[in-house]
$ cat structure_5.pdb   # PDB, C-alpha atoms
MODEL        1
ATOM      1  CA  MET Y 111      20.054  25.196   7.696
ATOM      2  CA  ALA Y 112      18.063  26.988  10.317
ATOM      3  CA  LEU Y 113      14.377  26.287  10.454
ATOM      4  CA  GLN Y 114      13.589  29.957  10.027
ATOM      5  CA  ASN Y 115      15.154  29.784   6.560
ATOM      6  CA  LYS Y 116      12.980  26.967   5.295
ATOM      7  CA  PRO Y 117       9.736  27.645   3.455
ATOM      8  CA  TYR Y 118       6.637  27.556   5.571
ATOM      9  CA  ALA Y 119       3.015  28.406   5.107
ATOM     10  CA  THR Y 120       1.854  31.560   6.807
ATOM     11  CA  GLU Y 121      -1.810  31.133   5.956
ATOM     12  CA  TYR Y 122      -4.256  28.667   4.470
ATOM     13  CA  TYR Y 123      -5.646  30.646   1.569
ATOM     14  CA  ASN Y 124      -7.962  29.054  -0.978
ATOM     15  CA  ARG Y 125      -8.516  31.296  -3.975
ATOM     16  CA  PHE Y 126     -11.058  28.886  -5.430
ATOM     17  CA  VAL Y 127     -13.513  29.805  -2.693
ATOM     18  CA  ILE Y 128     -15.145  33.229  -2.975
ATOM     19  CA  ALA Y 129     -16.645  33.550   0.486
ATOM     20  CA  GLY Y 130     -17.209  31.478   3.574
ATOM     21  CA  LYS Y 131     -15.311  29.413   6.041
ATOM     22  CA  GLY Y 132     -12.930  27.789   3.587
ATOM     23  CA  VAL Y 133     -11.337  30.929   2.172
ATOM     24  CA  SER Y 134      -8.554  31.431   4.641
ATOM     25  CA  SER Y 135      -7.374  30.567   8.097
ATOM     26  CA  LYS Y 136      -4.297  31.686   9.941
ATOM     27  CA  PRO Y 137      -2.443  30.200  12.877
ATOM     28  CA  ASP Y 138      -3.446  33.222  14.933
ATOM     29  CA  GLY Y 139      -4.971  31.527  17.933
ATOM     30  CA  ILE Y 140      -8.528  32.157  16.769
ATOM     31  CA  SER Y 141      -8.633  29.249  14.340
ATOM     32  CA  ASP Y 142      -7.266  25.798  15.191
ATOM     33  CA  ASP Y 143      -4.386  26.064  12.716
ATOM     34  CA  PHE Y 144      -0.874  26.028  14.033
ATOM     35  CA  ILE Y 145       2.777  25.856  12.992
ATOM     36  CA  ASP Y 146       4.793  23.323  14.917
ATOM     37  CA  LYS Y 147       8.121  24.251  16.417
ATOM     38  CA  TYR Y 148       9.930  21.067  15.511
ATOM     39  CA  HIS Y 149       9.413  20.992  11.724
ATOM     40  CA  TYR Y 150       7.832  24.356  10.959
ATOM     41  CA  TYR Y 151       4.952  22.467   9.359
ATOM     42  CA  HIS Y 152       1.706  24.311   8.930
ATOM     43  CA  HIS Y 153      -1.216  22.251  10.267
ATOM     44  CA  VAL Y 154      -4.694  22.959   8.979
ATOM     45  CA  THR Y 155      -7.136  21.317  11.309
ATOM     46  CA  GLY Y 156     -10.804  20.623  10.863
ATOM     47  CA  ASN Y 157     -13.167  17.957   9.662
ATOM     48  CA  ARG Y 158     -13.758  17.764   5.968
ATOM     49  CA  ARG Y 159     -15.064  14.800   4.055
ATOM     50  CA  TRP Y 160     -12.927  13.906   1.072
ATOM     51  CA  SER Y 161     -14.608  11.613  -1.422
ATOM     52  CA  ALA Y 162     -12.515   9.225  -3.461
ATOM     53  CA  GLY Y 163     -11.795  10.539  -6.936
ATOM     54  CA  VAL Y 164     -13.278  13.976  -6.292
ATOM     55  CA  PRO Y 165     -10.666  16.744  -6.635
ATOM     56  CA  ARG Y 166     -10.337  19.221  -3.787
ATOM     57  CA  ALA Y 167      -8.623  22.562  -4.268
ATOM     58  CA  ILE Y 168      -6.550  23.968  -1.456
ATOM     59  CA  GLY Y 169      -4.048  26.790  -1.271
ATOM     60  CA  PHE Y 170      -1.433  28.281   0.973
ATOM     61  CA  LYS Y 171       0.365  31.561   1.320
ATOM     62  CA  ILE Y 172       3.963  30.599   1.839
ATOM     63  CA  ASN Y 173       7.218  32.291   2.538
ATOM     64  CA  SER Y 174       9.585  30.593   0.114
ATOM     65  CA  GLY Y 175      12.600  31.125   2.340
ATOM     66  CA  LYS Y 176      15.957  29.802   1.265
ATOM     67  CA  PRO Y 177      16.278  27.181  -1.480
ATOM     68  CA  TRP Y 178      14.485  24.039  -0.382
ATOM     69  CA  LEU Y 179      12.394  21.243  -1.742
ATOM     70  CA  ILE Y 180       8.827  21.501  -0.531
ATOM     71  CA  GLN Y 181       6.950  18.265  -0.278
ATOM     72  CA  HIS Y 182       3.232  18.602  -0.013
ATOM     73  CA  GLU Y 183       1.922  16.013   2.377
ATOM     74  CA  ASP Y 184      -1.521  15.016   3.521
ATOM     75  CA  VAL Y 185      -1.913  13.255   6.808
ATOM     76  CA  PHE Y 186      -5.179  11.499   7.563
TER      77      PHE Y 186
ATOM     78  CA  MET E 191     -41.702 -41.758  -2.883
ATOM     79  CA  ILE E 192     -39.807 -38.895  -1.330
ATOM     80  CA  ASP E 193     -36.093 -39.438  -1.180
ATOM     81  CA  TRP E 194     -35.309 -37.801   2.139
ATOM     82  CA  ALA E 195     -31.636 -38.600   1.821
ATOM     83  CA  MET E 196     -31.402 -36.545  -1.401
ATOM     84  CA  ILE E 197     -33.365 -33.691   0.144
ATOM     85  CA  GLY E 198     -31.217 -33.805   3.247
ATOM     86  CA  GLY E 199     -28.075 -33.728   1.133
ATOM     87  CA  ALA E 200     -29.328 -30.788  -0.936
ATOM     88  CA  VAL E 201     -30.279 -28.870   2.201
ATOM     89  CA  GLY E 202     -26.862 -29.656   3.668
ATOM     90  CA  VAL E 203     -25.081 -28.368   0.575
ATOM     91  CA  ALA E 204     -27.260 -25.241   0.549
ATOM     92  CA  THR E 205     -26.599 -24.641   4.252
ATOM     93  CA  LEU E 206     -22.879 -25.130   3.795
ATOM     94  CA  SER E 207     -22.859 -22.724   0.841
ATOM     95  CA  ALA E 208     -24.804 -20.117   2.796
ATOM     96  CA  THR E 209     -22.451 -20.522   5.751
ATOM     97  CA  LEU E 210     -19.376 -20.111   3.580
ATOM     98  CA  ILE E 211     -20.828 -17.039   1.851
ATOM     99  CA  THR E 212     -21.775 -15.492   5.203
ATOM    100  CA  LEU E 213     -18.332 -16.275   6.575
ATOM    101  CA  GLY E 214     -16.766 -14.620   3.515
ATOM    102  CA  PHE E 215     -18.836 -11.492   4.042
ATOM    103  CA  VAL E 216     -17.940 -11.400   7.735
ATOM    104  CA  ILE E 217     -14.211 -11.795   7.035
ATOM    105  CA  TYR E 218     -14.427  -9.149   4.293
ATOM    106  CA  ASP E 219     -16.210  -6.757   6.631
ATOM    107  CA  VAL E 220     -13.957  -7.387   9.635
ATOM    108  CA  THR E 221     -10.769  -6.846   7.639
ATOM    109  CA  ARG E 222     -12.095  -3.789   5.780
ATOM    110  CA  PRO E 223     -10.706  -1.147   8.197
ATOM    111  CA  GLU E 224      -7.260  -2.721   8.067
ATOM    112  CA  ARG E 225      -7.322  -2.933   4.264
ATOM    113  CA  ARG E 226      -8.463   0.680   4.100
ATOM    114  CA  ARG E 227      -5.699   1.782   6.465
ATOM    115  CA  ARG E 228      -3.087  -0.019   4.370
ATOM    116  CA  ARG E 229      -4.490   1.505   1.206
ATOM    117  CA  ILE E 230      -4.346   5.010   2.715
ATOM    118  CA  ILE E 231      -0.725   4.492   3.722
ATOM    119  CA  LYS E 232       0.262   2.867   0.448
ATOM    120  CA  ASP E 233      -1.680   4.880  -2.078
ATOM    121  CA  LEU E 234      -3.364   7.980  -0.759
ATOM    122  CA  GLY E 235      -3.942   9.784  -4.021
ATOM    123  CA  TRP E 236      -2.402  12.598  -5.992
ATOM    124  CA  ALA E 237      -1.613  16.222  -5.351
ATOM    125  CA  TYR E 238      -0.842  18.712  -8.068
ATOM    126  CA  PHE E 239      -0.048  22.374  -8.214
ATOM    127  CA  ILE E 240      -2.536  24.301 -10.292
ATOM    128  CA  VAL E 241      -1.609  26.909 -12.830
ATOM    129  CA  PRO E 242      -5.072  28.414 -13.318
ATOM    130  CA  HIS E 243      -6.571  30.011 -16.432
ATOM    131  CA  SER E 244      -5.216  33.462 -17.140
ATOM    132  CA  PHE E 245      -8.711  34.931 -16.600
ATOM    133  CA  PHE E 246      -9.218  33.140 -13.277
ATOM    134  CA  HIS E 247      -6.660  34.580 -10.900
ATOM    135  CA  SER E 248      -2.985  35.417 -11.127
ATOM    136  CA  CYS E 249      -0.364  32.786 -10.509
ATOM    137  CA  ASP E 250       2.815  33.552  -8.593
ATOM    138  CA  TYR E 251       4.934  30.690  -9.908
ATOM    139  CA  ALA E 252       4.143  30.147 -13.612
ATOM    140  CA  ARG E 253       3.116  31.900 -16.770
ATOM    141  CA  GLN E 254      -0.534  31.389 -17.559
ATOM    142  CA  ASN E 255      -2.564  30.894 -20.706
ATOM    143  CA  GLU E 256      -6.197  30.128 -21.478
ATOM    144  CA  LEU E 257      -5.856  26.563 -20.167
ATOM    145  CA  GLU E 258      -5.569  25.218 -16.663
ATOM    146  CA  HIS E 259      -2.446  23.208 -16.013
ATOM    147  CA  ARG E 260      -1.672  20.752 -13.246
ATOM    148  CA  VAL E 261       1.993  20.228 -12.510
ATOM    149  CA  ARG E 262       3.880  18.062 -10.065
ATOM    150  CA  GLU E 263       6.732  20.466  -9.489
ATOM    151  CA  ILE E 264       7.108  24.225  -9.398
ATOM    152  CA  ILE E 265      10.114  26.454  -9.014
ATOM    153  CA  VAL E 266       9.872  29.690  -7.073
ATOM    154  CA  ARG E 267      12.296  32.395  -6.176
ATOM    155  CA  PRO E 268      13.691  32.340  -2.670
ATOM    156  CA  ASP E 269      12.700  34.819   0.017
ATOM    157  CA  ARG E 270       9.315  35.647  -1.477
ATOM    158  CA  SER E 271       5.820  35.567  -0.113
ATOM    159  CA  ILE E 272       3.676  33.728  -2.651
ATOM    160  CA  THR E 273       0.372  31.914  -2.841
ATOM    161  CA  ILE E 274       0.346  28.337  -4.082
ATOM    162  CA  ASP E 275      -2.734  26.514  -5.288
ATOM    163  CA  LEU E 276      -3.050  22.768  -5.036
ATOM    164  CA  VAL E 277      -5.560  20.196  -6.107
ATOM    165  CA  VAL E 278      -5.739  16.942  -4.196
ATOM    166  CA  VAL E 279      -7.387  13.892  -5.710
ATOM    167  CA  PRO E 280      -7.801  11.313  -2.943
ATOM    168  CA  LYS E 281      -8.149   7.663  -3.885
ATOM    169  CA  VAL E 282      -9.813   6.747  -0.628
ATOM    170  CA  GLU E 283     -12.846   8.355   0.963
ATOM    171  CA  SER E 284     -11.788   9.869   4.234
ATOM    172  CA  MET E 285     -12.230  12.693   6.667
ATOM    173  CA  PRO E 286      -8.806  14.240   7.233
ATOM    174  CA  THR E 287      -8.446  16.223  10.400
ATOM    175  CA  ASP E 288      -5.046  17.605   9.603
ATOM    176  CA  ILE E 289      -3.233  18.740   6.468
ATOM    177  CA  HIS E 290       0.480  19.412   6.632
ATOM    178  CA  LEU E 291       2.450  21.540   4.254
ATOM    179  CA  ALA E 292       5.941  20.212   4.754
ATOM    180  CA  ALA E 293       9.326  21.291   3.448
ATOM    181  CA  LYS E 294      12.349  19.070   2.979
ATOM    182  CA  ALA E 295      15.828  20.079   1.864
ATOM    183  CA  ILE E 296      17.449  18.693  -1.238
ATOM    184  CA  LEU E 297      20.207  21.164  -2.023
ATOM    185  CA  THR E 298      23.419  20.814  -0.101
ATOM    186  CA  ASN E 299      25.779  23.738   0.320
ATOM    187  CA  ARG E 300      27.999  22.252  -2.361
ATOM    188  CA  GLU E 301      25.075  21.989  -4.784
ATOM    189  CA  MET E 302      24.121  25.571  -4.030
ATOM    190  CA  ASP E 303      27.686  26.688  -4.709
ATOM    191  CA  GLN E 304      27.645  24.780  -7.984
ATOM    192  CA  TRP E 305      24.377  26.459  -8.927
ATOM    193  CA  ARG E 306      25.770  29.895  -8.106
ATOM    194  CA  TYR E 307      28.913  29.129 -10.095
ATOM    195  CA  LYS E 308      26.903  28.069 -13.152
ATOM    196  CA  THR E 309      24.232  30.736 -13.125
ATOM    197  CA  ASN E 310      25.573  33.490 -10.891
ATOM    198  CA  LEU E 311      22.162  33.423  -9.199
ATOM    199  CA  MET E 312      20.724  32.085  -5.997
ATOM    200  CA  PRO E 313      19.141  28.684  -6.657
ATOM    201  CA  PRO E 314      15.365  28.582  -6.705
ATOM    202  CA  SER E 315      13.155  26.627  -4.356
ATOM    203  CA  THR E 316      11.731  23.530  -5.965
ATOM    204  CA  ILE E 317       8.292  22.493  -4.801
ATOM    205  CA  THR E 318       6.867  19.083  -5.581
ATOM    206  CA  GLY E 319       3.499  17.473  -4.996
ATOM    207  CA  LEU E 320       2.880  13.936  -3.820
TER     208      LEU E 320
ENDMDL
END
$ encode --input "structure_5.pdb" --output "structure tokens"
Amino acid sequence: MALQNKPYATEYYNRFVIAGKGVSSKPDGISDDFIDKYHYYHHVTGNRRWSAGVPRAIGFKINSGKPWLIQHEDVF
Amino acid sequence: MIDWAMIGGAVGVATLSATLITLGFVIYDVTRPERRRRRIIKDLGWAYFIVPHSFFHSCDYARQNELEHRVREIIVRPDRSITIDLVVVPKVESMPTDIHLAAKAILTNREMDQWRYKTNLMPPSTITGL
């Protein structure tokens, strides 16, 4: 299946934030976000401290594409 | 009469105990980054998809009610632009510099044909958390 047909995130979009830096970011060249060519993974870059046991809400606008399994993955 | 031999022995035992305790702390501290790294690789935490309250904001992939739900898997229609909400509960304190949203295929062409045959519909995309 072609990569263009797989689901990919078009924007980091957190609806649990009303205003500020964490609402949205796009891979538009202004922010540091990017979509890699090899996997079509959306990379959200930045430094955020995640405390153990404290839930963090995040969100993405995605294009669901053709039928696929989407595995959410965090890389530290 | 002071028994210097007894005092010397007690001091020796105390010194040895202090040395062993200090050594334990040092070993614990030196190996901490490695243990933390292994723990991050082995057991990072959980990630769920959120189906928010019906009065919070709309949800593109589930029916809502007055309760918030956290689910491990959602099913969405193909070829749609939707917004997904996730909650991540890390087990280890960290400062991630990069978050990936990755997609992996599970349905083969044969499985898709079987789905179409059964339902006469295009199969949905299945999205799972960690």
$ closest_residue --input "structure_5.pdb" --among "Y:Pro165, Y:Gly156, Y:Gly139, Y:Gly130" --to "Tyr238 (chain E)" --atoms "only C-alpha atoms"
Y:Pro165
$ residues_around --input "structure_5.pdb" --residues "Gly169 (chain Y)" --least-positions-apart "4" --cutoff "12 Å" --atoms "only C-alpha atoms" --output "PyMOL selection string"
(chain Y and resi 119-127+132-135+152+154+182) or (chain E and resi 237-241+249+272-278+289-291)
$ residues_around --input "structure_5.pdb" --residues "Met285 (chain E)" --least-positions-apart "2" --cutoff "9 Å" --atoms "only C-alpha atoms" --output "number ranges by chain"
Y: 157-161, 186; E: 283, 287
$ atom_distance --input "structure_5.pdb" --atom1 "CA of Pro268 (chain E)" --atom2 "CA of Gly175 (chain Y)"
5.3 Å
$ closest_residue --input "structure_5.pdb" --among "Y:Ile128, Y:Pro117, Y:Ser174, Y:Gly163" --to "Ile145 (chain Y)" --atoms "all atoms listed in the file"
Y:Pro117
$ closest_residue --input "structure_5.pdb" --among "E:Gly214, E:Ser207, E:Val261, E:Val279" --to "chain Y" --atoms "all atoms listed in the file"
E:Val279
$ atom_distance --input "structure_5.pdb" --atom1 "CA of Pro280 (chain E)" --atom2 "CA of Asp142 (chain Y)"
23.2 Å
$ axis_aligned_box --input "structure_5.pdb" --around "region 125-141 of chain Y" --padding-each-side "8 Å" --output "lines of an AutoDock Vina configuration file"
center_x = -9.8
center_y = 30.7
center_z = 6.3
size_x = 30.8
size_y = 21.8
size_z = 39.4
$ atom_distance --input "structure_5.pdb" --atom1 "CA of Leu213 (chain E)" --atom2 "CA of Ser284 (chain E)"
27.1 Å
$ closest_residue --input "structure_5.pdb" --among "E:Lys232, E:His243, E:Arg270, E:Arg262" --to "chain Y" --atoms "only C-alpha atoms"
E:Arg270
$ closest_residue --input "structure_5.pdb" --among "Y:Lys131, Y:Asp146, Y:Ser141, Y:Lys116" --to "chain E" --atoms "all atoms listed in the file"
Y:Lys116
$ resolve_selection --input "structure_5.pdb" --expression "the PyMOL selection byres ((chain E and resi 251) around 7)" --output "PDB file with C-alpha atoms, in the coordinates of the input"
ATOM      1  CA  CYS E 249      -0.364  32.786 -10.509  1.00  0.00           C
ATOM      2  CA  ASP E 250       2.815  33.552  -8.593  1.00  0.00           C
ATOM      3  CA  ALA E 252       4.143  30.147 -13.612  1.00  0.00           C
ATOM      4  CA  ILE E 264       7.108  24.225  -9.398  1.00  0.00           C
ATOM      5  CA  ILE E 265      10.114  26.454  -9.014  1.00  0.00           C
ATOM      6  CA  VAL E 266       9.872  29.690  -7.073  1.00  0.00           C
TER       7      VAL E 266
END
